[in-house]
$ cat final.json   # JSON, C-alpha atoms and all ligand atoms
[["chain", "number", "residue", "atom", "x", "y", "z"],
["B", 5, "MET", "CA", -7.93, 6.41, -7.74],
["B", 6, "ASP", "CA", -9.20, 9.20, -5.51],
["B", 7, "ASN", "CA", -9.10, 8.35, -1.85],
["B", 8, "ALA", "CA", -12.47, 6.91, -0.88],
["B", 9, "ALA", "CA", -13.69, 8.65, 2.24],
["B", 10, "PRO", "CA", -13.48, 6.52, 5.38],
["B", 11, "THR", "CA", -16.77, 4.92, 6.21],
["B", 12, "GLY", "CA", -18.68, 5.39, 9.43],
["B", 13, "PRO", "CA", -19.27, 8.49, 11.54],
["B", 14, "ALA", "CA", -16.14, 10.21, 12.83],
["B", 15, "LEU", "CA", -17.76, 12.69, 15.17],
["B", 16, "ARG", "CA", -15.17, 12.34, 17.92],
["B", 17, "PRO", "CA", -11.50, 11.42, 17.99],
["B", 18, "LEU", "CA", -10.80, 7.74, 17.49],
["B", 19, "ARG", "CA", -10.16, 5.82, 20.68],
["B", 20, "ILE", "CA", -8.96, 2.42, 21.77],
["B", 21, "GLY", "CA", -11.75, -0.07, 21.09],
["B", 22, "ASP", "CA", -13.09, 1.73, 18.01],
["B", 23, "THR", "CA", -13.23, -0.01, 14.67],
["B", 24, "ALA", "CA", -10.59, 1.49, 12.38],
["B", 25, "PRO", "CA", -12.48, 3.40, 9.66],
["B", 26, "ASP", "CA", -12.15, 1.74, 6.30],
["B", 27, "PHE", "CA", -10.68, 3.62, 3.33],
["B", 28, "GLU", "CA", -9.28, 3.04, -0.12],
["B", 29, "ALA", "CA", -6.30, 4.97, -1.45],
["B", 30, "ARG", "CA", -3.34, 4.98, -3.81],
["B", 31, "SER", "CA", -0.08, 3.89, -2.27],
["B", 32, "THR", "CA", 3.47, 3.11, -3.27],
["B", 33, "ALA", "CA", 2.49, -0.58, -3.27],
["B", 34, "GLY", "CA", -0.59, -0.01, -5.47],
["B", 35, "PRO", "CA", -4.19, 0.59, -4.41],
["B", 36, "VAL", "CA", -4.88, -0.34, -0.79],
["B", 37, "ARG", "CA", -8.05, -0.84, 1.21],
["B", 38, "LEU", "CA", -7.72, -0.91, 4.98],
["B", 39, "SER", "CA", -10.26, -3.72, 5.37],
["B", 40, "ASP", "CA", -8.10, -5.96, 3.16],
["B", 41, "PHE", "CA", -5.68, -6.15, 6.09],
["B", 42, "ARG", "CA", -8.25, -7.89, 8.32],
["B", 43, "GLY", "CA", -6.89, -11.16, 9.65],
["B", 44, "ARG", "CA", -3.46, -9.65, 10.34],
["B", 45, "TRP", "CA", -2.23, -6.99, 12.70],
["B", 46, "LEU", "CA", -1.63, -3.61, 11.11],
["B", 47, "VAL", "CA", 0.41, -0.63, 12.26],
["B", 48, "LEU", "CA", -1.01, 2.40, 10.43],
["B", 49, "PHE", "CA", 1.03, 5.53, 10.96],
["B", 50, "SER", "CA", 1.25, 9.05, 9.64],
["B", 51, "HIS", "CA", 4.30, 11.21, 9.09],
["B", 52, "PRO", "CA", 4.47, 14.97, 8.55],
["B", 53, "ALA", "CA", 6.28, 15.10, 5.23],
["B", 54, "ASP", "CA", 8.56, 13.27, 2.80],
["B", 55, "PHE", "CA", 12.16, 14.50, 2.50],
["B", 56, "THR", "CA", 12.43, 15.64, 6.11],
["B", 57, "PRO", "CA", 15.10, 14.53, 8.57],
["B", 58, "VAL", "CA", 13.19, 12.77, 11.34],
["B", 59, "CYS", "CA", 10.77, 11.08, 8.94],
["B", 60, "THR", "CA", 13.66, 9.76, 6.89],
["B", 61, "THR", "CA", 15.27, 8.19, 9.97],
["B", 62, "GLU", "CA", 11.93, 6.60, 10.92],
["B", 63, "PHE", "CA", 11.44, 5.05, 7.49],
["B", 64, "VAL", "CA", 15.00, 3.75, 7.32],
["B", 65, "ALA", "CA", 14.63, 2.21, 10.79],
["B", 66, "LEU", "CA", 11.20, 0.72, 10.01],
["B", 67, "ALA", "CA", 12.34, -0.73, 6.69],
["B", 68, "ARG", "CA", 15.30, -2.34, 8.46],
["B", 69, "GLU", "CA", 12.92, -3.88, 11.02],
["B", 70, "ALA", "CA", 10.24, -4.88, 8.49],
["B", 71, "ALA", "CA", 11.02, -8.58, 9.04],
["B", 72, "ALA", "CA", 10.42, -8.18, 12.79],
["B", 73, "PHE", "CA", 6.89, -6.84, 12.12],
["B", 74, "ASP", "CA", 6.30, -9.60, 9.58],
["B", 75, "ALA", "CA", 7.38, -12.21, 12.15],
["B", 76, "ARG", "CA", 4.58, -10.88, 14.38],
["B", 77, "ASP", "CA", 2.09, -11.20, 11.49],
["B", 78, "CYS", "CA", 1.87, -7.43, 11.37],
["B", 79, "ALA", "CA", 1.72, -5.29, 8.25],
["B", 80, "LEU", "CA", 2.91, -1.68, 8.12],
["B", 81, "MET", "CA", 1.15, 1.17, 6.31],
["B", 82, "ALA", "CA", 2.28, 4.79, 6.28],
["B", 83, "LEU", "CA", 0.38, 7.90, 5.24],
["B", 84, "SER", "CA", 1.11, 11.55, 4.52],
["B", 85, "VAL", "CA", -0.32, 14.46, 2.59],
["B", 86, "ASP", "CA", 2.48, 14.20, -0.02],
["B", 87, "SER", "CA", 1.75, 12.91, -3.53],
["B", 88, "LEU", "CA", 2.45, 9.40, -4.68],
["B", 89, "PHE", "CA", 5.28, 10.70, -6.86],
["B", 90, "SER", "CA", 6.88, 12.48, -3.94],
["B", 91, "HIS", "CA", 6.71, 9.19, -2.00],
["B", 92, "PHE", "CA", 8.34, 7.37, -4.93],
["B", 93, "ALA", "CA", 11.15, 9.92, -5.22],
["B", 94, "TRP", "CA", 11.77, 9.81, -1.47],
["B", 95, "LEU", "CA", 11.87, 5.99, -1.35],
["B", 96, "ARG", "CA", 14.26, 5.96, -4.29],
["B", 97, "MET", "CA", 16.52, 8.43, -2.44],
["B", 98, "ILE", "CA", 16.31, 6.29, 0.74],
["B", 99, "ARG", "CA", 17.22, 3.18, -1.23],
["B", 100, "ASP", "CA", 20.19, 4.84, -2.91],
["B", 101, "ARG", "CA", 21.47, 6.63, 0.20],
["B", 102, "PHE", "CA", 20.73, 4.07, 2.95],
["B", 103, "ASP", "CA", 20.71, 0.83, 1.01],
["B", 104, "VAL", "CA", 17.29, -0.24, 2.24],
["B", 105, "GLU", "CA", 14.03, -0.65, 0.29],
["B", 106, "VAL", "CA", 10.81, 0.56, 1.88],
["B", 107, "ARG", "CA", 8.37, -2.05, 0.62],
["B", 108, "PHE", "CA", 5.40, -1.37, 2.89],
["B", 109, "PRO", "CA", 2.74, 0.89, 1.36],
["B", 110, "ILE", "CA", 2.87, 4.65, 1.81],
["B", 111, "VAL", "CA", -0.55, 6.14, 1.14],
["B", 112, "GLU", "CA", -0.96, 9.54, -0.52],
["B", 113, "ASP", "CA", -3.61, 11.62, 1.18],
["B", 114, "PRO", "CA", -3.58, 14.96, -0.66],
["B", 115, "THR", "CA", -7.10, 15.92, 0.43],
["B", 116, "LEU", "CA", -6.45, 14.75, 4.01],
["B", 117, "VAL", "CA", -9.69, 12.81, 3.94],
["B", 118, "VAL", "CA", -8.05, 9.87, 5.71],
["B", 119, "GLY", "CA", -5.79, 11.97, 7.94],
["B", 120, "ARG", "CA", -8.74, 13.95, 9.27],
["B", 121, "ALA", "CA", -10.87, 10.85, 9.88],
["B", 122, "TYR", "CA", -8.04, 9.34, 11.92],
["B", 123, "GLY", "CA", -7.26, 12.55, 13.81],
["B", 124, "MET", "CA", -3.80, 12.68, 12.24],
["B", 125, "VAL", "CA", -4.22, 16.40, 11.51],
["B", 126, "CYS", "CA", -4.99, 19.00, 14.15],
["B", 127, "ALA", "CA", -8.40, 20.43, 13.21],
["B", 128, "GLN", "CA", -7.37, 23.94, 14.23],
["B", 129, "ASP", "CA", -3.93, 23.68, 12.65],
["B", 130, "SER", "CA", -3.31, 25.86, 9.60],
["B", 131, "ASP", "CA", -0.56, 23.41, 8.60],
["B", 132, "SER", "CA", -1.93, 20.49, 6.59],
["B", 133, "ALA", "CA", 0.89, 18.14, 7.64],
["B", 134, "THR", "CA", -0.08, 15.09, 9.65],
["B", 135, "VAL", "CA", 1.54, 14.54, 13.04],
["B", 136, "ARG", "CA", 3.26, 11.30, 14.00],
["B", 137, "THR", "CA", 0.20, 9.28, 14.89],
["B", 138, "THR", "CA", 0.42, 5.49, 15.19],
["B", 139, "PHE", "CA", -2.54, 3.11, 15.31],
["B", 140, "PHE", "CA", -2.14, -0.53, 16.32],
["B", 141, "ILE", "CA", -5.05, -2.35, 14.67],
["B", 142, "ASP", "CA", -5.80, -5.97, 15.52],
["B", 143, "PRO", "CA", -6.86, -8.71, 13.07],
["B", 144, "ALA", "CA", -10.54, -7.90, 13.73],
["B", 145, "GLY", "CA", -10.00, -4.27, 12.68],
["B", 146, "THR", "CA", -10.17, -2.84, 16.21],
["B", 147, "ILE", "CA", -7.86, -0.05, 17.35],
["B", 148, "ARG", "CA", -5.97, -1.52, 20.30],
["B", 149, "ALA", "CA", -3.39, 1.20, 21.00],
["B", 150, "LEU", "CA", -2.46, 4.56, 19.59],
["B", 151, "SER", "CA", 0.21, 7.19, 20.09],
["B", 152, "CYS", "CA", 0.84, 10.72, 18.92],
["B", 153, "TYR", "CA", 4.25, 12.42, 18.73],
["B", 154, "PRO", "CA", 5.08, 15.89, 17.48],
["B", 155, "ALA", "CA", 6.86, 16.38, 14.16],
["B", 156, "SER", "CA", 10.08, 17.12, 16.05],
["B", 157, "VAL", "CA", 10.35, 13.75, 17.88],
["B", 158, "GLY", "CA", 10.88, 10.45, 16.09],
["B", 159, "ARG", "CA", 9.19, 7.27, 17.22],
["B", 160, "SER", "CA", 11.01, 4.35, 18.83],
["B", 161, "ILE", "CA", 10.75, 1.25, 16.68],
["B", 162, "PRO", "CA", 11.65, -1.05, 19.64],
["B", 163, "GLU", "CA", 8.71, 0.52, 21.53],
["B", 164, "MET", "CA", 6.38, -0.11, 18.58],
["B", 165, "LEU", "CA", 7.46, -3.77, 18.56],
["B", 166, "ARG", "CA", 7.12, -4.00, 22.33],
["B", 167, "THR", "CA", 3.58, -2.60, 22.19],
["B", 168, "LEU", "CA", 2.71, -5.15, 19.55],
["B", 169, "ASP", "CA", 4.26, -7.96, 21.61],
["B", 170, "ALA", "CA", 2.32, -6.86, 24.68],
["B", 171, "LEU", "CA", -1.00, -6.69, 22.82],
["B", 172, "GLN", "CA", -0.43, -10.12, 21.33],
["B", 173, "ALA", "CA", 0.67, -11.57, 24.70],
["B", 174, "ILE", "CA", -2.40, -10.33, 26.56],
["B", 175, "ASP", "CA", -4.62, -11.75, 23.82],
["B", 176, "ALA", "CA", -2.91, -15.13, 24.13],
["B", 177, "ALA", "CA", -3.08, -15.34, 27.94],
["B", 178, "GLU", "CA", -5.31, -13.78, 30.53],
["B", 179, "GLY", "CA", -3.07, -11.08, 31.88],
["B", 180, "VAL", "CA", -1.91, -7.49, 31.73],
["B", 181, "ALA", "CA", 1.55, -6.20, 30.84],
["B", 182, "PRO", "CA", 3.33, -4.17, 33.55],
["B", 183, "ALA", "CA", 5.71, -1.24, 33.17],
["B", 184, "ASN", "CA", 8.77, -2.00, 31.08],
["B", 185, "TRP", "CA", 7.34, -5.40, 30.15],
["B", 186, "GLN", "CA", 9.30, -7.15, 27.42],
["B", 187, "ALA", "CA", 8.40, -10.23, 25.41],
["B", 188, "GLY", "CA", 9.00, -13.31, 27.57],
["B", 189, "ASP", "CA", 8.44, -11.48, 30.89],
["B", 190, "ALA", "CA", 5.60, -12.55, 33.19],
["B", 191, "LEU", "CA", 2.23, -10.88, 32.79],
["B", 192, "LEU", "CA", 0.24, -9.74, 35.82],
["B", 193, "ARG", "CA", -3.22, -10.97, 36.73],
["B", 194, "PRO", "CA", -6.06, -8.58, 36.03],
["B", 195, "PRO", "CA", -7.25, -7.11, 39.36],
["B", 196, "ALA", "CA", -10.00, -8.78, 41.42],
["B", 197, "GLN", "CA", -13.53, -7.96, 40.36],
["B", 198, "ASP", "CA", -15.39, -8.69, 43.60],
["B", 199, "ILE", "CA", -14.85, -8.37, 47.35],
["B", 200, "ASP", "CA", -14.81, -12.16, 47.97],
["B", 201, "GLU", "CA", -11.70, -12.37, 45.81],
["B", 202, "VAL", "CA", -10.15, -9.45, 47.71],
["B", 203, "PHE", "CA", -10.73, -11.09, 51.12],
["B", 204, "ALA", "CA", -9.67, -14.53, 49.88],
["B", 205, "ALA", "CA", -6.27, -13.33, 48.65],
["B", 206, "GLU", "CA", -3.34, -14.41, 50.86],
["B", 207, "GLY", "CA", -0.99, -11.46, 50.82],
["B", 208, "GLN", "CA", -1.99, -7.85, 51.41],
["B", 209, "ALA", "CA", -1.51, -6.84, 47.78],
["B", 210, "ASP", "CA", -2.21, -10.19, 46.13],
["B", 211, "TRP", "CA", -5.74, -9.26, 45.10],
["B", 212, "PHE", "CA", -4.46, -6.62, 42.73],
["B", 213, "LEU", "CA", -0.74, -7.26, 42.20],
["B", 214, "ARG", "CA", 0.12, -10.82, 41.29],
["B", 215, "GLU", "CA", 1.81, -12.55, 38.41],
["B", 216, "ALA", "CA", -0.52, -14.38, 36.05],
["B", 217, "THR", "CA", -0.14, -18.15, 36.18],
["B", 218, "PRO", "CA", 1.42, -19.25, 32.93],
["B", 219, "ARG", "CA", -0.60, -21.76, 30.94],
["B", 220, "LYS", "CA", 0.97, -25.20, 30.66],
["B", 221, "GLY", "CA", 3.92, -25.05, 28.28],
["B", 222, "GLU", "CA", 3.76, -21.24, 28.12],
["B", 223, "ARG", "CA", 7.12, -19.53, 27.98],
["B", 224, "ARG", "CA", 8.09, -17.16, 30.79],
["B", 301, "LIG", "C1", 11.13, 15.89, 10.26],
["B", 301, "LIG", "O1", 10.70, 14.81, 9.88],
["B", 301, "LIG", "O2", 12.30, 16.08, 10.53],
["B", 301, "LIG", "C2", 10.19, 17.05, 10.38],
["B", 301, "LIG", "C3", 9.02, 17.09, 9.65],
["B", 301, "LIG", "C4", 8.17, 18.18, 9.76],
["B", 301, "LIG", "C5", 8.50, 19.21, 10.61],
["B", 301, "LIG", "C6", 9.67, 19.16, 11.36],
["B", 301, "LIG", "C7", 10.51, 18.07, 11.25]]
$ encode --input "final.json" --output "C-alpha cells"
Amino acid sequence: MDNAAPTGPALRPLRIGDTAPDFEARSTAGPVRLSDFRGRWLVLFSHPADFTPVCTTEFVALAREAAAFDARDCALMALSVDSLFSHFAWLRMIRDRFDVEVRFPIVEDPTLVVGRAYGMVCAQDSDSATVRTTFFIDPAGTIRALSCYPASVGRSIPEMLRTLDALQAIDAAEGVAPANWQAGDALLRPPAQDIDEVFAAEGQADWFLREATPRKGERR
C-alpha cells in the first residue's frame, strides 16, 4: 500500500487545536489509518532513523512502558522515512539485544508525504530525516499537545506520560495543570474571566491563582 496523502489543507504548521490529518500507511503492525484510532488517545511520533543510538534507546524505553500508555487508553504510533523492512530488522535486533518487543506500529514514510504534512521534516532541510516530533491526539482526533526535539536529544518517556495525564485530568475536571504537576496533584482554577470575579475574590491573588475545588469523590 502506498501511503495515502493526508487529507485536508496543510498550508501552515499544525498547531494545538487542529484536527490531526488523516492518512493510511504500511506499518510494522499492518496497514494503519489514523482515523481508526478515534475513540482512544494516540501519541504519534517521528524519529530520525532506524539503527541509530538515541532512537534505539527511545524505542526500548517506550516498549517497556507500553502498558503504562495502554492503561491510559492511549495507543502509540511511530513514523520514519525508513522502509518497512528496515523497521522489521531494527525491531528484531531490539528484541534480541534488549529482550523487549516493540508491538506498536511503526509507519514507513519513504516519500515523506505524512512527515511533511505533520511538519516532522524541516522544509528547508536537505536531510530527509524526520526530527523527534510528538503529537498528543485526543479521542476526537484533535491535536492537544506537541513537542519537537532535535535528533541529538532523546525524549523523556515519564514526561510523555505526565503530559498525557495532565491532558486527561484537565478534561475530567475544570482546571489547569501547574508547573511540575504530577498525576494526583491538585489542579488550579482557570483564571477569572470578568472583573466582578476579580473584585469578589478574597485574597489578592485568588482571582488568578487558586486550587480547583475537587469534585466529590475526586482524588487529590
Ligand atoms: C540517534 O538516534 O542517535 C540519531 C539519529 C539521527 C542523527 C543523530 C542521532
$ atom_distance --input "final.json" --atom1 "CA of Gln208 in chain B" --atom2 "CA of Arg193 in chain B"
15.1 Å
$ closest_atom_pairs --input "final.json" --of "chain B" --to "ligand LIG 301 (chain B)" --cutoff "7 Å" --atoms "only C-alpha atoms and all ligand atoms" --output "Markdown table"
| residue | atom | partner | partner_atom | distance |
| --- | --- | --- | --- | --- |
| B:Pro52 | CA | B:LIG301 | C4 | 5.0 |
| B:Ala53 | CA | B:LIG301 | C3 | 5.6 |
| B:Thr56 | CA | B:LIG301 | O1 | 4.2 |
| B:Pro57 | CA | B:LIG301 | O2 | 3.8 |
| B:Val58 | CA | B:LIG301 | O2 | 3.5 |
| B:Cys59 | CA | B:LIG301 | O1 | 3.8 |
| B:Thr60 | CA | B:LIG301 | O1 | 6.6 |
| B:Ala155 | CA | B:LIG301 | C5 | 4.8 |
| B:Ser156 | CA | B:LIG301 | C7 | 4.9 |
$ write_last_selection --input "final.json" --atoms "C-alpha atoms" --output "PDB file, in the frame of the given file"
ATOM      1  CA  PRO B  52       4.470  14.970   8.550  1.00  0.00           C
ATOM      2  CA  ALA B  53       6.280  15.100   5.230  1.00  0.00           C
ATOM      3  CA  THR B  56      12.430  15.640   6.110  1.00  0.00           C
ATOM      4  CA  PRO B  57      15.100  14.530   8.570  1.00  0.00           C
ATOM      5  CA  VAL B  58      13.190  12.770  11.340  1.00  0.00           C
ATOM      6  CA  CYS B  59      10.770  11.080   8.940  1.00  0.00           C
ATOM      7  CA  THR B  60      13.660   9.760   6.890  1.00  0.00           C
ATOM      8  CA  ALA B 155       6.860  16.380  14.160  1.00  0.00           C
ATOM      9  CA  SER B 156      10.080  17.120  16.050  1.00  0.00           C
TER      10      SER B 156
END
$ atom_distance --input "final.json" --atom1 "CA of Ile174 in chain B" --atom2 "CA of Ser160 in chain B"
21.3 Å
$ atom_distance --input "final.json" --atom1 "CA of Glu201 in chain B" --atom2 "CA of Ala173 in chain B"
24.5 Å
$ residues_around --input "final.json" --residues "range 15-19 of chain B" --least-positions-apart "5" --cutoff "9 Å" --atoms "only C-alpha atoms" --output "PyMOL selection string"
chain B and resi 24+121-123+147-150
$ decode --input "final.json" --residues "range 166-196 of chain B" --atoms "N, CA and C atoms" --output "PDB file, in the first residue's frame"
ATOM      1  N   ARG B 166       3.364  12.087  31.691  1.00  0.00           N
ATOM      2  CA  ARG B 166       2.860  13.193  32.513  1.00  0.00           C
ATOM      3  C   ARG B 166       1.981  14.138  31.682  1.00  0.00           C
ATOM      4  N   THR B 167       2.413  14.401  30.454  1.00  0.00           N
ATOM      5  CA  THR B 167       1.616  15.267  29.566  1.00  0.00           C
ATOM      6  C   THR B 167       0.251  14.635  29.317  1.00  0.00           C
ATOM      7  N   LEU B 168       0.274  13.343  29.066  1.00  0.00           N
ATOM      8  CA  LEU B 168      -0.976  12.615  28.833  1.00  0.00           C
ATOM      9  C   LEU B 168      -1.866  12.668  30.086  1.00  0.00           C
ATOM     10  N   ASP B 169      -1.265  12.430  31.238  1.00  0.00           N
ATOM     11  CA  ASP B 169      -2.027  12.500  32.499  1.00  0.00           C
ATOM     12  C   ASP B 169      -2.647  13.888  32.680  1.00  0.00           C
ATOM     13  N   ALA B 170      -1.860  14.916  32.390  1.00  0.00           N
ATOM     14  CA  ALA B 170      -2.356  16.287  32.584  1.00  0.00           C
ATOM     15  C   ALA B 170      -3.511  16.577  31.629  1.00  0.00           C
ATOM     16  N   LEU B 171      -3.366  16.176  30.374  1.00  0.00           N
ATOM     17  CA  LEU B 171      -4.443  16.417  29.401  1.00  0.00           C
ATOM     18  C   LEU B 171      -5.713  15.680  29.814  1.00  0.00           C
ATOM     19  N   GLN B 172      -5.541  14.461  30.289  1.00  0.00           N
ATOM     20  CA  GLN B 172      -6.723  13.693  30.697  1.00  0.00           C
ATOM     21  C   GLN B 172      -7.337  14.272  31.969  1.00  0.00           C
ATOM     22  N   ALA B 173      -6.488  14.761  32.876  1.00  0.00           N
ATOM     23  CA  ALA B 173      -7.008  15.340  34.138  1.00  0.00           C
ATOM     24  C   ALA B 173      -7.788  16.619  33.870  1.00  0.00           C
ATOM     25  N   ILE B 174      -7.281  17.472  32.986  1.00  0.00           N
ATOM     26  CA  ILE B 174      -7.999  18.736  32.747  1.00  0.00           C
ATOM     27  C   ILE B 174      -9.290  18.505  31.962  1.00  0.00           C
ATOM     28  N   ASP B 175      -9.350  17.399  31.229  1.00  0.00           N
ATOM     29  CA  ASP B 175     -10.609  17.060  30.549  1.00  0.00           C
ATOM     30  C   ASP B 175     -11.641  16.537  31.542  1.00  0.00           C
ATOM     31  N   ALA B 176     -11.141  15.890  32.603  1.00  0.00           N
ATOM     32  CA  ALA B 176     -12.054  15.262  33.571  1.00  0.00           C
ATOM     33  C   ALA B 176     -12.553  16.255  34.610  1.00  0.00           C
ATOM     34  N   ALA B 177     -11.820  17.329  34.833  1.00  0.00           N
ATOM     35  CA  ALA B 177     -12.196  18.313  35.855  1.00  0.00           C
ATOM     36  C   ALA B 177     -11.898  19.699  35.309  1.00  0.00           C
ATOM     37  N   GLU B 178     -12.654  20.667  35.753  1.00  0.00           N
ATOM     38  CA  GLU B 178     -12.382  22.015  35.237  1.00  0.00           C
ATOM     39  C   GLU B 178     -11.161  22.567  35.945  1.00  0.00           C
ATOM     40  N   GLY B 179     -10.046  22.564  35.285  1.00  0.00           N
ATOM     41  CA  GLY B 179      -8.829  23.038  35.932  1.00  0.00           C
ATOM     42  C   GLY B 179      -7.692  23.110  34.944  1.00  0.00           C
ATOM     43  N   VAL B 180      -6.564  23.614  35.422  1.00  0.00           N
ATOM     44  CA  VAL B 180      -5.355  23.701  34.601  1.00  0.00           C
ATOM     45  C   VAL B 180      -4.204  23.128  35.426  1.00  0.00           C
ATOM     46  N   ALA B 181      -3.243  22.532  34.748  1.00  0.00           N
ATOM     47  CA  ALA B 181      -2.157  21.825  35.449  1.00  0.00           C
ATOM     48  C   ALA B 181      -0.941  22.742  35.602  1.00  0.00           C
ATOM     49  N   PRO B 182      -0.510  22.998  36.835  1.00  0.00           N
ATOM     50  CA  PRO B 182       0.628  23.911  37.040  1.00  0.00           C
ATOM     51  C   PRO B 182       1.971  23.259  36.736  1.00  0.00           C
ATOM     52  N   ALA B 183       3.019  24.054  36.875  1.00  0.00           N
ATOM     53  CA  ALA B 183       4.388  23.569  36.655  1.00  0.00           C
ATOM     54  C   ALA B 183       4.642  22.334  37.509  1.00  0.00           C
ATOM     55  N   ASN B 184       5.320  21.401  36.944  1.00  0.00           N
ATOM     56  CA  ASN B 184       5.732  20.175  37.645  1.00  0.00           C
ATOM     57  C   ASN B 184       4.564  19.331  38.157  1.00  0.00           C
ATOM     58  N   TRP B 185       3.372  19.621  37.651  1.00  0.00           N
ATOM     59  CA  TRP B 185       2.195  18.843  38.063  1.00  0.00           C
ATOM     60  C   TRP B 185       2.446  17.361  37.792  1.00  0.00           C
ATOM     61  N   GLN B 186       1.992  16.537  38.713  1.00  0.00           N
ATOM     62  CA  GLN B 186       2.054  15.087  38.537  1.00  0.00           C
ATOM     63  C   GLN B 186       0.664  14.524  38.817  1.00  0.00           C
ATOM     64  N   ALA B 187       0.371  13.395  38.250  1.00  0.00           N
ATOM     65  CA  ALA B 187      -0.940  12.761  38.457  1.00  0.00           C
ATOM     66  C   ALA B 187      -1.239  12.672  39.947  1.00  0.00           C
ATOM     67  N   GLY B 188      -2.429  13.106  40.346  1.00  0.00           N
ATOM     68  CA  GLY B 188      -2.823  13.083  41.753  1.00  0.00           C
ATOM     69  C   GLY B 188      -2.670  14.438  42.414  1.00  0.00           C
ATOM     70  N   ASP B 189      -1.822  15.336  41.857  1.00  0.00           N
ATOM     71  CA  ASP B 189      -1.684  16.683  42.419  1.00  0.00           C
ATOM     72  C   ASP B 189      -2.950  17.499  42.120  1.00  0.00           C
ATOM     73  N   ALA B 190      -3.118  18.569  42.902  1.00  0.00           N
ATOM     74  CA  ALA B 190      -4.262  19.469  42.673  1.00  0.00           C
ATOM     75  C   ALA B 190      -4.089  20.216  41.353  1.00  0.00           C
ATOM     76  N   LEU B 191      -5.209  20.452  40.689  1.00  0.00           N
ATOM     77  CA  LEU B 191      -5.200  21.351  39.528  1.00  0.00           C
ATOM     78  C   LEU B 191      -5.457  22.764  40.025  1.00  0.00           C
ATOM     79  N   LEU B 192      -5.201  23.749  39.196  1.00  0.00           N
ATOM     80  CA  LEU B 192      -5.538  25.133  39.534  1.00  0.00           C
ATOM     81  C   LEU B 192      -6.818  25.520  38.806  1.00  0.00           C
ATOM     82  N   ARG B 193      -7.472  26.544  39.362  1.00  0.00           N
ATOM     83  CA  ARG B 193      -8.686  27.038  38.670  1.00  0.00           C
ATOM     84  C   ARG B 193      -8.273  27.871  37.471  1.00  0.00           C
ATOM     85  N   PRO B 194      -9.005  27.774  36.394  1.00  0.00           N
ATOM     86  CA  PRO B 194      -8.737  28.692  35.275  1.00  0.00           C
ATOM     87  C   PRO B 194      -8.927  30.127  35.771  1.00  0.00           C
ATOM     88  N   PRO B 195      -8.198  31.093  35.245  1.00  0.00           N
ATOM     89  CA  PRO B 195      -8.293  32.463  35.767  1.00  0.00           C
ATOM     90  C   PRO B 195      -9.678  33.078  35.547  1.00  0.00           C
ATOM     91  N   ALA B 196      -9.985  34.086  36.365  1.00  0.00           N
ATOM     92  CA  ALA B 196     -11.277  34.791  36.251  1.00  0.00           C
ATOM     93  C   ALA B 196     -11.449  35.354  34.846  1.00  0.00           C
TER      94      ALA B 196
END
